[in-house]
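> Please find one structure pasted underneath; my questions will follow.
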Amino acid sequence: MKDQLQALEKEALQKVEDASSLKELQDVRVAYLGKKGPITEVLKGMGKLSKEERPVIGELANKVRGQVAEAIDSKKAGIEAAELEKQLAEETIDVTLPGRPVPTGGPHLLTSIVEEIEDLFIGMGFEVREGPEVETDYYNFEALNLPKGHPARDMQDSFYITDDILLRTHTSPVQARTMNMIKGERPVKMICPGKVYRRDTDDATHSHQFTQIEGLYVDKHVRMSDLKGVLDRFAKQMFGEDREIRLRPSFFPFTEPSVEMDISCKVCNGKGCSVCKKTGWIEILGAGMVHPRVLEMAGYDPKEYSGFAFGMGPERIAMLKYGVDDIRHFYTNDIRFLKQYHQA
Ligand SMILES: [Zn+2]
């Protein structure tokens, strides 16, 4: 039995020596030290031995076990170290290689133009206000002098959710809400940028969702010349100090009188070209003096207070300023388009 154990030890140690991978080493461990291994088998037969032999063989068996286990552990450490070495050699880092550039994003053109317009009006003392995109019929129409049945609130133009709730068709309800909150107690000077929705077929110049920035200034003694001054400053700061503006009579239910504002064409300098359709002027926005009825509904005394309002589409401003030829470019998020307007 002693010889048998010694032979097993020799055989096992040789196999450990020959093992070249962790997998082979594990196989050796299972084969020799496992529950069904030959050493366990020998120990099972110990019952048949004499009283004197038993401790001797027991001790030897344990020693063999210990030595085989120790050999496996040390071989394992060796194989692991070799594998690590190999891996390190294969994955050498070349510290001289240039770094990979991390692409940085930038604001969307529409975001930039809205912020630019906001900054411009903040500089003239306007505050920025926001309101809900899902609006009540009252704030979207009624409070703005558009009673039920008014032709300008044709069902075709609006996304109604219920009879009384709709997606706002302009940002004017924010003005109505703000005036309503102030209850005619103090002046208001605000702009409201935001998304608006109209039932429209999308094409190069139309979109069912677009952006609007409206402005409102209500105070004592606000005159049409104040409106003209503010719009003139806006046009010059946005499109260049050499731009001229002109106001043409127009109609909006919530202003009286109402005007459309044009700026002189930058391309032809007023001589007439394809951009300005040979007129020398380009239409930019609508404006007017707040209708006394609107002031009254908001709680202002129209005999004491007056005001002006204006509204523009930032997409149109950006299209004119940067020569964008299709409004859909603002919403399709084509990175090649957007990247052109990222400032470094
Ligand atoms: Zn022109």
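Chain labels A, B, ... are given in the sequence in which chains occur in the structure tokens; within each chain residues are numbered consecutively from 1, and ligands are likewise numbered from 1 in the order shown.
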As a quick test: using only C-alpha atoms and all ligand atoms, which residues lie no more than 7 Å away from ligand 1? Give them as a PyMOL selection string.

chain A and resi 265-281

> Can you list, as a ChimeraX atom specification, every protein, DNA or RNA residue that comes within 12 Å of Asp203 (chain A) when you count only C-alpha atoms, leaving out same-chain residues fewer than 2 positions away?

/A:200-201,205-209,325-329

> Of the candidates A:Gln340, A:Thr255, A:Gln237, A:Thr332, which shows the shortest atom-to-atom distance to Met124 (chain A), using only C-alpha atoms?

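Answer, going by the shortest atom-to-atom distance: A:Gln237.
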
> Excluding Lys321 (chain A) and its own-chain neighbours fewer than 2 positions away, which residues fall within 10 Å of it when counting only C-alpha atoms? Please give them as a ChimeraX atom specification.

/A:113,238-240,266,315-319,323-324

> I need the residues in region 118-280 of chain A that are helix (DSSP H, G or I) according to DSSP; give them as a ChimeraX atom specification.

/A:118-122,137-140,142-144,151-153,155-157,172-182,224-239

> Between A:Ile79, A:Ala287, A:Leu5, A:Leu144, which is the closest to Leu227 (chain A) once you count only C-alpha atoms?

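Ranked by minimum distance to Leu227 (chain A), first place goes to A:Ala287.
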
> Expressed in Å to a single decimal, how great is the separation between CA of Asn333 (chain A) and CA of Thr111 (chain A)?

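About the pair CA of Asn333 (chain A) and CA of Thr111 (chain A): they are 12.7 Å apart.
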
> Would you please work out which residue, of A:Phe252, A:Phe308, A:Tyr300, A:Tyr331, is nearest to Asp226 (chain A) when using only C-alpha atoms?

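Checking each of A:Phe252, A:Phe308, A:Tyr300, A:Tyr331 against Asp226 (chain A), counting only C-alpha atoms, the winner is A:Phe308.
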
> Excluding Met261 (chain A) and any residue of its chain fewer than 6 positions from it, enumerate the residues within 12 Å of it, using only C-alpha atoms, and give them as a PyMOL selection string.

chain A and resi 227-228+230-232+234-235+244-250+281-288+310-312

> Pick out each residue of region 55-253 of chain A that DSSP on the backbone tags as strand (DSSP E or B); I need them as a VMD selection string.

chain A and resid 127 to 128 134 to 136 160 165 to 167 188 to 197 209 to 220 245 to 252

> If we count only C-alpha atoms, what is near region 289-294 of chain A at a cut-off of 9 Å, once residues fewer than 2 positions away on the same chain are taken out, given as number ranges by chain?

A: 143-145, 176, 216-218, 222-224, 227, 253-259, 287, 296-303, 305-310

> May I ask which of the residues A:Val188, A:Leu33, A:Pro193, A:Leu110 is the closest one to Phe330 (chain A), counting only C-alpha atoms?

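Ranked by minimum distance to Phe330 (chain A), first place goes to A:Leu110.
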
> Neighbours of region 80-96 of chain A within 10 Å (only C-alpha atoms; same-chain residues fewer than 5 positions away dropped), as a list of chain:residue names?

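Using only C-alpha atoms, the neighbours found are A:Ser21, A:Leu22, A:Ser74, A:Lys75.
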
> Using only C-alpha atoms, which residue out of A:Lys148, A:Lys63, A:Arg100, A:Arg29 lies closest to Lys15 (chain A)?

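Of A:Lys148, A:Lys63, A:Arg100, A:Arg29, the one nearest Lys15 (chain A) is A:Arg29, counting only C-alpha atoms.
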
> Need the shell around Ile161 (chain A): protein/DNA/RNA residues with any atom at most 10 Å away, counting only C-alpha atoms. Skip same-chain ones fewer than 3 positions apart. Format as a PyMOL selection string?

chain A and resi 134-136+158+164-167

> So the first atom is CA of Phe251 (chain A) and the second is CA of Met179 (chain A); what is the distance between them in Å, to one decimal place?

22.1 Å

> To one decimal place, how far is CA of Met181 (chain A) from CA of Glu118 (chain A) in Å?

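Going from CA of Met181 (chain A) over to CA of Glu118 (chain A), I get 22.0 Å.
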